[in-house]
Each structure stands twice: as structure tokens, then as C-alpha cells.
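Report on one structure; see the data block that follows.
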Amino acid sequence: MHKRCVVGVLACLVGFSMAVEAQAPAEAKQDKQAFIDDLLGRMTLDEKLGQLNLVSIGDDYPRETAMAQIRAGQVGGMFNTVTKPDIRRMQDQVEHSRLKIPLFYAYDVVHGHRTIFPISLGLAASWDLEAVALSGRVSAIEAAADGLNMTFSPMVDITRDPRWGRVSEGFGEDTYLTSKMSEVMVRAYQGEDPSAPDRIMASVKHFALYGAAEGGRDYNTVDMSPQRMHQDYLPPYKAAVDAGAGGVMVALNAVNGEPATASRWLLRDLLRQQWGFGGVTLSDHGAVKSLIEHGVAANEPQTAKLALEAGIDMDMHDRMFGLHLPGLLGRGEVQQAHIDEAVRNVLGVKWDMGLFADAYRHLGPASSDPVDTNAEERLHRAESRAVARTAMVLLKNEAQTLPLARQGTLALVGPLADSKLDMIGSWSAAGRAEQAVTLLEGLRNAVGDQARILHARGANISDDPRVLGFVNDAEIESPVDPRPAQAMIDEAVEAARQADVVIAAVGEARGMAHESASRSDLNIPENQRALLRALKATGKPLVLVLMNGRPLTLNWEHENAGAILETWFSGTEGGNAIADVLFGDYNPSGKLPMTFPRSVGQVPLYYSELNTGRPAKPDETGSGKYTSRYFDIENGPLYPFGYGLSYTEFSLSPIRMSDTRLGRDGQLTASVTLKNIGTREGATVVQLYLQDITGSISRPKKELKGFEKVTLEPGESRQVSFPISEADLRFFNASLQWTSEPGDFNLYIGLDSQDVQQQRFTLH
Ligand code: BGC
């Protein structure tokens with residue numbers, strides 16, 4: 001229930017296809033089995049344990065050590081080698097090993113590889129599956145061209161707590177939307193055959209429920225009811241598995257007291273037996289050893305035993321398997337069968353990567369190595385720009401403040417106006433900041449000599465030493481202008497006074513929305529807000545260009561800015577893409593994939609909540625005592641899930657139902673007519689939500705069940721239809737059966753999750 005192609009031509013250029021993975025012929029499966037049986041039969045214990053060793057090059061594990069271990073057959077896979085010559089150097093060592101089992105090479109290719117696309121939260125905001133697929137497709141092409149075989153992506157943790165920095169890496173709060181993204185990403189990376197020269201294998205992460213870390217504090221415990229787990233949090237991982245993901249990375253957190261890395265239930269019962277996963281499981285970085293800190297293992301050997309028995313195949317970085325399994329096996333404390341099974345899984349994905357047919361599959365001959373890995377011609381700038389435009393969400397546009405005219409004087413201020421590193425965002429591992437286009441550059445490119453641009457930084461990213469210390473901890477990511485804050489504000493105000501319009505690029509440094517970057521406050525840092533207040537006081541039209549990796553609390557900004565454009569961290573071509581939107585060369589069409597709360601105190605706040613037995617009435621006046629509400633703030637968000645404006649306006653007709661009764665084997669259709677009643681071409685997302693009014697357990701107020709992104713010319717209208725069948729109404733009941741129940745359902749269609757048309761139907 002989705003479609004639309006805003007990036008169609010580019011998609012064709014990179015050979016994007018959504019074809020379903022071809023079923024491997026039975027003989028190929030037999031060949032694979034026979035090959036693995038034979039190889040396994042010839043391996044020593046040391047060589048087997050080598051296959052379970054996923055190493056990471058770094059200060060504590062230098063290249064020379066890695067090469068010696070490869071020659072000894074003690075390494076199965078590697079990450080953090082990311083250029084062809086580097087990887088080739090490693091793979092060449094395999095020739096000196098006894099069994100010559102190739103390594104695979106993995107990397108965090110999360111939202112682009114050399115060319116960076118918007119952060120995943122931004123990709124989700126596009127609600128454009130073709131655009132998202134294009135980003136994955138280009139990532140695979142570029143990663144494979146660097147010799148990589150696997151990406152630690154997609155990250156599909158459902159995230160309902162914006163305090164967690166890793167919300168930037170995922171696709172937001174909604175199960176349906178994230179599951180679509182998950183499936184599309186896996187297919188885009190892997191295509192029909194992950195061994196193809198321009199494809200890579202996907203390793204979905206973080207299994208499971210990492211996004212529900214208590215308090216939004218990274219790595220924290222997750223405690224969750226089985227219903228919510230199965231209904232809301234697990235489907236996106238399953239979507240990746242069903243789409244054929246070859247790898248699963250296991251989460252760092254505990255689930256209901258049991259660390260995922262030690263959870264037989266997660267890895268054996270659910271993943272392998274129920275879902276039929278046949279690929280490889282990877283522990284996250286150092287996760288096996290961390291079972292001691294989790295308090296479920298008393299010593300290192302116990303960590304190895306727990307993880308192996310739970311179903312971890314490869315031990316990332318901490319070598320607990322290699323160091324301790326021999327002793328454990330000798331003492332009869334682990335079974336050979338468990339080791340062999342893990343080795344089989346590793347060899348299996350290497351077979352699927354085509355490495356046994358040709359270990360240099362993605363490397364090719366040395367003569368094909370690029371002279372310059374970061375050469376400009378290796379980038380896919382047009383694709384990055386096209387996708388970035390689709391990801392931006394217009395949150396406010398009073399009196400048509402936007403789009404801007406290419407004339408007069410524009411003042412561009414803010415700590416993010418000319419920051420290349422922040423443009424590419426978190427987990428842009430192989431991306432080069434210096435290749436990114438900043439907003440200042442993008443504006444200059446867009447206006448040429450048609451308008452004058454004044455630029456002043458206006459503020460540092462923060463003046464809180466704690467924040468600055470954190471962001472600039474390992475290296476200076478956010479340089480600090482040493483001038484007094486007031487002097488910077490004065491300079492910006494002076495620029496604003498000379499300008500016709502002020503554009504303020506404000507928000508977060510990329511390091512504030514990353515792994516291990518949890519915040520307790522969701523405001524734009526106070527010194528930047530002081531800048532905004534001073535700009536507002538000039539009386540000039542104020543456009544906020546937000547760059548950030550999580551929902552922020554924007555009450556003052558909403559009250560006071562003329563326009564607000566959410567751009568996330570938009571990637572290599574970010575500055576050009578933002579300029580496209582600011583000047584109306586592209587009409588914004590993104591919709592929020594996460595609720596924006598009014599206050600951090602409302603968190604977690606998500607649209608698909610349960611009603612409670614004492615729901616607050618939306619129009620409640622007075623104290624509303626004894627209803628489920630805050631007395632000092634309203635319940636609802638500032639910007640709801642699915643929200644986003646356009647430079648044009650759309651109208652939606654009442655919903656037409658083909659029937660109001662649905663049989664178990666039948667189908668009904670709900671249709672609306674969408675019309676562009678404004679004066680510009682534009683796209684929006686028509687969203688379908690359902691509510692099971694009375695069930696055997698309480699069901700959400702609304703759940704997204706379909707969407708379609710539609711582009712219309714001014715005056716044009718289009719009928720959008722959503723077919724609904726019994727399968728769309730299923731849920732996990734109190735006994736965890738996936739079932740539907742007869743009764744009445746509300747059906748909502750709207751252009752966001754709040755402002756909807758309503759109908760009703762009955763399942764009988
Ligand atoms: C992260 C993973 C990542 C891994 C390797 C870990 O710290 O949790 O998401 O894939 O590092 O870089």
C-alpha cells in the first residue's frame with residue numbers, strides 16, 4: 001500500500017530493482033551443504049574457532065596482528081578495513097593459511113558509504129520507498145566497490161524515546177513504517193543475490209528491542225510485555241529476515257533481565273525456529289565479555305559458554321570464544337555440536353557471499369583499485385541530493401514565509417550554517433566531511449549573483465562545558481569560537497538588520513545524536529535559543545533550518561519562527577538539497593516518522609498508545625481530574641507522527657467504503673480523493689490507520705496500516721484506495737496468538753496521524 005517515484009530516473013540509472021529474491025535451486029543448496037560438510041570435516045578446533053572470530057582493526061588490534069592471525073586461520077571476518085588495498089592486503093594472507101578460507105569484510109554502512117544520504121530517521125521521513133531503496137542501492141554499489149561484503153545495517157530498532165541518541169540511526173516509532181523500510185533496505189543492499197559484484201549482505205540490528213532502553217539512556221535495560229514486544233518491536237527485524245537478510249546483529253541490552261547476547265529464547269527459539277533464519281548471528285562490539293557486567297556470568301569462560309549456547313555465531317572484537325571455548329570443550333562444559341553449528345552458519349554466509357567461488361569477488365584484480373578512494377567521480381551526488389530533498393519536513397510556514405525569492409539580502413546564521421561534519425551526521429563512517437555541501441555553500445550555489453548572502457555564526461553549538469566536552473571528546477568535532485556569546489549574537493543581529501530574511505541553521509551537533517549520546521533535555525541548546533530570541537527581536541522574517549538527529553521540543557520556536565524546516569542531518573549534498581527546498585525548486589513532502597513532544601516530560605509519547613480506562617478528553621477544560629493527563633501541559637504532541645506541510649495545499653474527501661462488513665476471506669476497500677487545491681505541484685502522504693475498538697485485550701487508538709505518497713499538479717485530484725482484509729486486523733492476543741477478532745473497527749485516513757477522516761466497519 002505505497003508507491004510513488006520521485007527519484008525514478010536516478011533509480012533506473014543505478015539499476016535499482018525491487019525484485020523478490022530468487023529461490024536458490026535445490027541443487028545449489030545441496031552443493032552448499034556438501035561443501036560445508038566437507039570443509040568442516042577437515043577443520044581443526046583452532047580453525048573452527050577462527051571462523052567465529054569477528055575482529056575490528058584499531059589501536060588495540062593492529063593490522064600486523066590481524067595478518068598474522070589470518071595466516072594462522074584464526075580470523076573469520078573483519079571490520080574497519082574499508083579500502084580495497086587494505087582489504088586486499090588482508091585477504092592475501094588467507095593464501096598462507098592451511099585451509100585458505102576467505103574472510104568477509106563488514107562495515108557500518110548505515111546511510112550511505114562514500115556518498116552520504118540523510119540519516120535513517122530522515123530517510124523514514126521521506127515515506128518514499130523508492131528514495132529509500134535508492135540510498136540502499138547506492139550504498140551497496142559503493143561499499144562493494146571498496147571490497148566490502150556486509151553492512152551492519154539496517155538498524156530497525158523501534159524508537160519512542162527521543163532522549164536516546166540512536167533514534168537518528170533508526171526509522172522511528174512506527175512498526176509498519178519501520179518494517180517497510182527494513183524490507184526495502186535489505187532488498188536494496190542484497191538484490192537477488194548478495195554475492196553479485198555490486199551487492200552486499202545485510203546484517204539487521206540490533207536484535208532485539210534496543211530502542212526501548214529505559215529512560216532513553218544508551219545500553220540500558222529493556223523491560224517489556226510480550227504483547228508489545230511481538231506486536232510493536234519485533235516485526236521490523238522479522239521483515240528483514242523475511243526479505244533474506246544474511247546476518248543479524250544481537251543487541252547490547254538485556255530483555256526482561258536476560259541480556260540478548262545470552263538469550264536462547266531470542267536467538268534459537270524465536271529467530272531460528274519460529275522465523276526460520278538461516279544466516280549468521282553476530283554479537284555486538286564487546287557484548288560477549290559484557291555478560292560479566294550484566295551480572296549473568298562470573299568470569300570470561302562463562303561469557304563464552306552463555307553466548308555460544310544462546311546462539312551467537314560470531315564474537316565481535318572481544319575474542320571470548322577463541323580464548324575460552326577450547327578449555328570449556330576440554331572440560332565438557334560446551335558441546336562440539338554448538339561450535340560446529342556456529343561455524344556452519346559462518347561458512348554458510350561466506351558461501352552466499354560467493355567467497356568460496358572467488359575470494360576476490362568484490363575486490364577484483366589489484367589493477368582495478370581506485371587511485372583515490374575518495375575521488376569525486378566515485379560519489380553519487382545527484383542521488384544523494386534527490387533523496388535528501390524527499391526527507392525534509394516542513395513543520396511550520398506562516399504566511400508563506402517559504403519559499404524564498406532569489407533576490408535581496410539573506411542573512412544566514414547559526415552554528416550549523418557552515419559545518420561540513422554535521423551535514424553528514426552520525427554513523428557516516430566512510431563519508432568525508434570535506435566532500436559535504438554546507439548550507440552556506442548550497443545557498444551560494446542556488447542564488448549565484450541574484451541575491452546577497454550575509455553569514456555570521458551567531459553562536460557555538462552550545463556554551464555548556466559539559467556538552468562541548470562531550471561532543472569534542474575524542475576529536476574536535478564542533479570547533480568553539482572563543483568570542484563572547486554576546487559578541488557573536490551582536491554580529492548575527494547586525495547581519496539580520498541588513499537582510500530581508502534571516503535563515504537560522506540551528507539544532508544539534510552530529511555527536512549529540514549518536515551511539516552513547518543520550519540527552520535529558522530535548523531543547524535546542526540554550527545559547528542557540530538566545531541567538532534566536534535576538535534575531536526575532538529584529539522583526540525580520542525568521543526561517544529555522546533544523547539539523548538534528550532526534551525529535552526536539554520546539555515550543556518557543558513554533559510560536560516565534562515564520563517557518564521551520566526539519567532537515568535532519570541530510571548528507572553529502574545536504575546544503576544543495578536544503579537550498580532546493582528553501583527556494584521552492586523542490587516542494588517539501590516529508591512527514592514525521594516520530595512524534596515531536598511539547599516537553600521531555602511527556603516522553604515516551606507515540607501516536608499508537610492505548611486509550612486507558614480514564615482517557616483525557618481532547619477538549620477537556622478545567623482540571624480534568626482523575627483522567628489520564630498531565631495537569632501542567634496538554635497530553636498531545638507539538639507535531640504528531642505523520643505530520644508535514646507543503647508549499648501547496650491538499651484537500652481530502654470523506655472516505656468511501658466499498659462495504660462496511662468484512663468477511664474473514666473477503667476484502668473491502670476504503671477510498672478517498674486527494675486534491676491539490678493550491679497553486680504548485682506537490683507531494684503528500686495519504687495515511688491509513690485502523691483501530692480495533694473492542695478486543696480481548698486493549699488495542700491501540702490507531703495503527704498505521706498503509707500509506708501512499710502522491711504527487712499532484714495544481715488542481716489535479718487522484719483517488720487513493722486501500723484494500724483491507726482480515727490479515728490487516730490481526731494482533732498478538734493474551735496467549736500470543738496472531739489472530740483477529742470479529743467486531744467493529746474504526747478506519748481513519750489523513751495526511752497525518754491526528755487530522756483524519758473517519759469511517760467504521762465490522763469484521764464478522
Ligand atoms: C554498535 C553497532 C555497530 C558496531 C560496530 C557497536 O558499538 O552498537 O551498531 O555496528 O559497534 O561498529
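Simple scheme: letters A, B, ... for chains in C-alpha cells order, numbers from 1 for residues in each chain, numbers from 1 for ligands in the order shown.
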
Pull the closest atom pair for each residue of chain A that gets at most 6 Å from ligand 1, along with the distance in Å to one decimal, counting only C-alpha atoms and all ligand atoms, ordering rows by chain and then ascending residue number, as CSV.
residue,atom,partner,partner_atom_place_in_ligand_line,distance
A:Asp108,CA,ligand 1,10 (O),5.5
A:Phe152,CA,ligand 1,10 (O),5.1
A:Asp284,CA,ligand 1,6 (C),5.6
A:His285,CA,ligand 1,6 (C),4.9

Write down as an MDAnalysis selection string the residues of segment 482-727 of chain A whose backbone DSSP state falls under strand (DSSP E). chainID A and resid 501:507 542:547 563:566 650:652 656:657 661:662 667:676 682:692 703:712 717:725

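Checking A:Lys675, A:His317, A:Lys48, A:Arg88 one by one against Asn345 of chain A, counting only C-alpha atoms, you find the shortest gap at A:Lys48.
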
For segment 158-166 of chain A, work out the shell of residues within 9 Å, counting only C-alpha atoms and skipping chain neighbours fewer than 2 positions away, then give it as a CSV table (one decimal) with N, CA, C and O atoms, in the first residue's frame.
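Once written, around-v7.csv looks like this:
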chain,number,residue,atom,x,y,z
A,156,VAL,N,16.9,-1.3,12.7
A,156,VAL,CA,15.4,-1.2,12.7
A,156,VAL,C,14.8,-1.2,14.1
A,156,VAL,O,13.7,-1.6,14.3
A,168,SER,N,18.5,8.5,15.8
A,168,SER,CA,19.0,9.0,14.5
A,168,SER,C,19.3,7.9,13.5
A,168,SER,O,19.2,8.1,12.3
A,169,GLU,N,19.6,6.7,14.0
A,169,GLU,CA,20.0,5.6,13.2
A,169,GLU,C,18.9,4.7,12.7
A,169,GLU,O,19.0,3.9,11.8
A,170,GLY,N,17.7,4.9,13.4
A,170,GLY,CA,16.6,4.0,13.0
A,170,GLY,C,15.5,4.8,12.2
A,170,GLY,O,15.7,5.9,11.8
A,171,PHE,N,14.4,4.1,12.0
A,171,PHE,CA,13.4,4.6,11.2
A,171,PHE,C,12.1,5.1,12.0
A,171,PHE,O,11.1,5.3,11.4
A,172,GLY,N,12.3,5.3,13.3
A,172,GLY,CA,11.3,6.0,14.1
A,172,GLY,C,10.4,5.1,14.9
A,172,GLY,O,10.8,4.0,15.2
A,173,GLU,N,9.2,5.6,15.2
A,173,GLU,CA,8.4,5.0,16.3
A,173,GLU,C,7.5,3.9,15.8
A,173,GLU,O,6.9,3.1,16.5
A,174,ASP,N,7.2,3.9,14.5
A,174,ASP,CA,6.1,3.0,14.0
A,174,ASP,C,6.5,1.7,13.4
A,174,ASP,O,7.5,1.6,12.6
A,175,THR,N,5.8,0.7,13.8
A,175,THR,CA,6.1,-0.7,13.4
A,175,THR,C,5.9,-0.9,11.9
A,175,THR,O,6.8,-1.5,11.2
A,178,THR,N,8.5,1.2,9.8
A,178,THR,CA,9.9,0.7,10.0
A,178,THR,C,10.0,-0.7,9.3
A,178,THR,O,11.1,-1.0,8.8
A,209,LEU,N,15.0,-5.1,20.5
A,209,LEU,CA,14.4,-4.1,21.4
A,209,LEU,C,15.3,-3.1,21.9
A,209,LEU,O,14.9,-2.3,22.8
A,210,TYR,N,16.4,-2.9,21.3
A,210,TYR,CA,17.4,-2.0,21.8
A,210,TYR,C,16.8,-0.6,22.0
A,210,TYR,O,17.2,0.2,22.8
A,211,GLY,N,15.9,-0.2,21.1
A,211,GLY,CA,15.3,1.1,21.0
A,211,GLY,C,14.5,1.4,22.3
A,211,GLY,O,14.1,2.6,22.4
A,212,ALA,N,14.2,0.4,23.1
A,212,ALA,CA,13.3,0.7,24.2
A,212,ALA,C,14.2,0.8,25.5
A,212,ALA,O,13.6,0.5,26.6
A,213,ALA,N,15.4,1.1,25.4
A,213,ALA,CA,16.3,1.3,26.6
A,213,ALA,C,15.6,2.3,27.6
A,213,ALA,O,15.2,3.4,27.2
A,214,GLU,N,15.5,1.8,28.8
A,214,GLU,CA,14.8,2.6,29.8
A,214,GLU,C,15.4,4.0,29.9
A,214,GLU,O,16.7,4.2,30.0
A,215,GLY,N,14.6,5.0,30.0
A,215,GLY,CA,15.0,6.4,30.2
A,215,GLY,C,15.7,7.0,29.0
A,215,GLY,O,16.3,8.1,29.1
A,216,GLY,N,15.8,6.2,27.9
A,216,GLY,CA,16.5,6.7,26.7
A,216,GLY,C,18.0,6.7,26.9
A,216,GLY,O,18.8,7.2,26.1
A,217,ARG,N,18.4,6.0,28.0
A,217,ARG,CA,19.9,6.0,28.3
A,217,ARG,C,20.5,4.8,27.6
A,217,ARG,O,20.0,3.7,27.7
A,218,ASP,N,21.5,5.1,26.8
A,218,ASP,CA,22.1,4.1,25.9
A,218,ASP,C,22.5,2.8,26.7
A,218,ASP,O,23.0,3.0,27.8
A,232,ASP,N,4.7,-4.7,18.4
A,232,ASP,CA,5.3,-3.4,18.0
A,232,ASP,C,6.8,-3.5,17.7
A,232,ASP,O,7.3,-2.8,16.8
A,233,TYR,N,7.6,-4.2,18.5
A,233,TYR,CA,9.0,-4.1,18.4
A,233,TYR,C,9.7,-5.2,17.5
A,233,TYR,O,10.8,-4.9,16.9
A,234,LEU,N,9.1,-6.4,17.5
A,234,LEU,CA,9.8,-7.4,16.7
A,234,LEU,C,9.6,-7.4,15.2
A,234,LEU,O,10.5,-7.9,14.5
A,236,PRO,N,9.8,-5.4,12.7
A,236,PRO,CA,10.8,-4.9,11.7
A,236,PRO,C,12.1,-5.8,11.5
A,236,PRO,O,12.6,-5.9,10.4
A,426,SER,N,25.6,11.3,12.1
A,426,SER,CA,26.2,10.2,12.9
A,426,SER,C,26.3,8.9,11.9
A,426,SER,O,25.6,8.8,10.9
A,511,GLY,N,27.4,14.8,16.9
A,511,GLY,CA,27.8,14.0,18.0
A,511,GLY,C,26.8,13.9,19.2
A,511,GLY,O,26.9,13.1,20.1
A,512,MET,N,25.8,14.8,19.1
A,512,MET,CA,24.8,14.8,20.2
A,512,MET,C,23.7,13.8,19.8
A,512,MET,O,22.8,13.5,20.7
A,513,ALA,N,23.7,13.2,18.6
A,513,ALA,CA,22.7,12.2,18.2
A,513,ALA,C,23.4,11.0,17.6
A,513,ALA,O,23.3,10.8,16.4
A,514,HIS,N,23.9,10.2,18.5
A,514,HIS,CA,24.9,9.2,18.0
A,514,HIS,C,24.7,8.0,19.0
A,514,HIS,O,23.9,8.1,20.0
A,515,GLU,N,25.5,7.0,18.8
A,515,GLU,CA,25.6,6.0,19.9
A,515,GLU,C,26.2,6.6,21.1
A,515,GLU,O,27.0,7.5,21.0
A,516,SER,N,25.7,6.2,22.3
A,516,SER,CA,26.2,6.7,23.5
A,516,SER,C,26.1,8.2,23.6
A,516,SER,O,27.0,8.9,24.2
A,517,ALA,N,25.0,8.8,23.1
A,517,ALA,CA,24.7,10.2,23.2
A,517,ALA,C,23.3,10.5,23.6
A,517,ALA,O,22.5,11.0,22.8
A,518,SER,N,23.0,10.1,24.8
A,518,SER,CA,21.6,10.3,25.3
A,518,SER,C,21.6,11.7,25.9
A,518,SER,O,22.5,12.2,26.6
A,519,ARG,N,20.4,12.3,25.8
A,519,ARG,CA,20.2,13.6,26.4
A,519,ARG,C,19.0,13.6,27.3
A,519,ARG,O,18.1,12.8,27.1
A,520,SER,N,19.1,14.4,28.3
A,520,SER,CA,17.9,14.5,29.3
A,520,SER,C,17.1,15.7,28.9
A,520,SER,O,16.0,15.9,29.5
A,521,ASP,N,17.5,16.5,27.9
A,521,ASP,CA,16.8,17.7,27.6
A,521,ASP,C,16.7,17.7,26.1
A,521,ASP,O,17.6,17.3,25.3
A,522,LEU,N,15.5,18.0,25.6
A,522,LEU,CA,15.3,18.0,24.1
A,522,LEU,C,15.2,19.3,23.5
A,522,LEU,O,14.8,19.5,22.3
A,549,GLY,N,19.2,15.0,15.1
A,549,GLY,CA,19.1,13.6,14.9
A,549,GLY,C,18.0,13.0,15.7
A,549,GLY,O,17.9,11.7,15.9
A,550,ARG,N,17.1,13.8,16.3
A,550,ARG,CA,16.0,13.3,17.2
A,550,ARG,C,14.9,14.3,17.2
A,550,ARG,O,15.1,15.5,16.9
A,551,PRO,N,13.7,13.9,17.6
A,551,PRO,CA,12.7,14.9,17.8
A,551,PRO,C,13.1,15.9,18.9
A,551,PRO,O,13.7,15.5,19.9
A,552,LEU,N,12.9,17.2,18.7
A,552,LEU,CA,13.2,18.2,19.7
A,552,LEU,C,12.0,18.8,20.3
A,552,LEU,O,10.9,18.7,19.6
A,594,MET,N,8.5,10.2,13.7
A,594,MET,CA,8.4,10.2,15.2
A,594,MET,C,7.7,11.4,15.7
A,594,MET,O,7.9,12.5,15.1
A,595,THR,N,6.9,11.2,16.7
A,595,THR,CA,6.2,12.3,17.4
A,595,THR,C,7.2,13.3,18.0
A,595,THR,O,8.2,12.9,18.6
A,596,PHE,N,6.9,14.6,17.8
A,596,PHE,CA,7.7,15.7,18.4
A,596,PHE,C,6.9,16.1,19.7
A,596,PHE,O,5.8,16.7,19.5
A,600,VAL,N,10.0,17.2,27.3
A,600,VAL,CA,10.7,15.9,27.6
A,600,VAL,C,9.9,15.1,28.6
A,600,VAL,O,10.0,13.9,28.6
A,603,VAL,N,7.7,12.2,27.4
A,603,VAL,CA,8.3,11.0,26.8
A,603,VAL,C,8.1,9.8,27.7
A,603,VAL,O,8.3,9.9,28.9
A,604,PRO,N,7.8,8.6,27.1
A,604,PRO,CA,7.6,8.3,25.7
A,604,PRO,C,6.2,8.8,25.2
A,604,PRO,O,5.2,8.6,25.9
A,605,LEU,N,6.2,9.4,24.1
A,605,LEU,CA,4.9,9.9,23.5
A,605,LEU,C,4.9,9.4,22.1
A,605,LEU,O,5.7,9.7,21.3
A,606,TYR,N,3.9,8.6,21.8
A,606,TYR,CA,3.8,8.0,20.5
A,606,TYR,C,2.3,7.9,20.1
A,606,TYR,O,1.4,7.7,21.0

Would you give me, as a PyMOL selection string, the residues in segment 483-681 of chain A that DSSP reads as alpha helix (DSSP H)? chain A and resi 485-498+526-537+555-560+574-582

Pick out the residues sitting within 7 Å of Met201 of chain A, and hand them over as a count of residues only; count only C-alpha atoms, and ignore anything fewer than 6 positions along from it in its own chain. 8

What's the 7 Å shell around Leu412 of chain A, counting only C-alpha atoms, without same-chain residues fewer than 3 positions away, as a list in words?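 These residues fall inside the cut-off: Ala417, Ile453, Leu454, His455, Ala456, Val502, Ile503 and Ala504 of chain A.
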
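Atom CA of Gly122 of chain A is found 19.4 Å from atom CA of Ala240 of chain A.
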
Excluding same-chain residues fewer than 3 positions from segment 259-272 of chain A, what lies within 6 Å of it counting only C-alpha atoms, as a PyMOL selection string? chain A and resi 251+253-255+275-277+306-307+310-311

I need the chosen residues saved as a short mmCIF file (atom, residue, chain, number, x, y, z; two decimals), in the first residue's frame, with N, CA and C atoms.
data_model
loop_
_atom_site.label_atom_id
_atom_site.label_comp_id
_atom_site.auth_asym_id
_atom_site.auth_seq_id
_atom_site.Cartn_x
_atom_site.Cartn_y
_atom_site.Cartn_z
N ALA A 251 21.61 -7.41 20.08
CA ALA A 251 21.62 -6.14 20.82
C ALA A 251 22.47 -6.21 22.09
N ASN A 253 21.61 -4.75 24.90
CA ASN A 253 20.78 -4.61 26.11
C ASN A 253 20.27 -5.95 26.62
N ALA A 254 19.75 -5.88 27.83
CA ALA A 254 19.03 -7.03 28.38
C ALA A 254 17.55 -6.89 28.04
N VAL A 255 16.90 -8.01 27.86
CA VAL A 255 15.46 -8.04 27.60
C VAL A 255 14.81 -8.76 28.77
N TRP A 275 11.17 -18.09 13.16
CA TRP A 275 11.28 -17.26 11.96
C TRP A 275 12.07 -17.94 10.84
N GLY A 276 12.72 -19.03 11.13
CA GLY A 276 13.44 -19.78 10.10
C GLY A 276 14.69 -19.09 9.59
N PHE A 277 15.33 -18.29 10.43
CA PHE A 277 16.55 -17.60 10.00
C PHE A 277 17.68 -18.61 9.76
N LEU A 306 27.85 -19.03 27.73
CA LEU A 306 26.48 -18.49 27.65
C LEU A 306 26.14 -18.03 26.23
N ALA A 307 27.07 -17.28 25.64
CA ALA A 307 26.78 -16.71 24.31
C ALA A 307 26.68 -17.82 23.26
N ALA A 310 23.54 -19.74 23.71
CA ALA A 310 22.36 -18.95 23.35
C ALA A 310 22.16 -18.90 21.85
N GLY A 311 23.29 -19.01 21.10
CA GLY A 311 23.14 -18.98 19.65
C GLY A 311 23.91 -17.87 18.97
#

All residues 9 Å or closer to Thr401 of chain A, only C-alpha atoms, same chain fewer than 4 positions away omitted, as JSON, numbers by chain: {"A": [397, 541, 542, 543, 562, 563]}

For those residues, write N, CA, C and O atoms to a file as an mmCIF file, in the first residue's frame.
data_model
loop_
_atom_site.group_PDB
_atom_site.id
_atom_site.type_symbol
_atom_site.label_atom_id
_atom_site.label_comp_id
_atom_site.auth_asym_id
_atom_site.auth_seq_id
_atom_site.Cartn_x
_atom_site.Cartn_y
_atom_site.Cartn_z
ATOM 1 N N ASN A 397 4.879 27.090 8.356
ATOM 2 C CA ASN A 397 5.110 28.041 7.259
ATOM 3 C C ASN A 397 4.024 29.099 7.303
ATOM 4 O O ASN A 397 3.037 29.031 6.593
ATOM 5 N N PRO A 541 11.670 38.503 8.984
ATOM 6 C CA PRO A 541 11.139 37.133 8.848
ATOM 7 C C PRO A 541 12.221 36.116 9.224
ATOM 8 O O PRO A 541 13.371 36.244 8.791
ATOM 9 N N LEU A 542 11.820 35.148 10.041
ATOM 10 C CA LEU A 542 12.804 34.196 10.582
ATOM 11 C C LEU A 542 12.485 32.778 10.118
ATOM 12 O O LEU A 542 11.409 32.253 10.398
ATOM 13 N N VAL A 543 13.432 32.197 9.398
ATOM 14 C CA VAL A 543 13.286 30.819 8.912
ATOM 15 C C VAL A 543 14.252 29.938 9.696
ATOM 16 O O VAL A 543 15.454 30.210 9.703
ATOM 17 N N GLY A 562 8.871 32.191 11.570
ATOM 18 C CA GLY A 562 7.920 32.267 10.463
ATOM 19 C C GLY A 562 7.786 30.929 9.781
ATOM 20 O O GLY A 562 6.696 30.521 9.374
ATOM 21 N N ALA A 563 8.911 30.244 9.659
ATOM 22 C CA ALA A 563 8.896 28.922 9.026
ATOM 23 C C ALA A 563 9.934 28.042 9.702
ATOM 24 O O ALA A 563 10.965 28.530 10.182
#

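Each of A:Asn560, A:Ser135, A:Ser671, A:Gln302 was compared to Lys289 of chain A using only C-alpha atoms, and A:Gln302 turns out to be the nearest.
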
Between A:Pro597, A:Pro370, A:Pro415, A:Gly257, which residue has the minimum interatomic distance to Ala459 of chain A, considering only C-alpha atoms? A:Pro415

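Distances from A:Glu309, A:Ala382, A:Ala28, A:Asp223 to Val138 of chain A were compared using only C-alpha atoms, and the smallest one belongs to A:Ala382.
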
Quick one: pull the distance between atom CA of Tyr107 of chain A and atom CA of Ala243 of chain A, Å, one decimal.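 Interatomic distance here is 20.2 Å.
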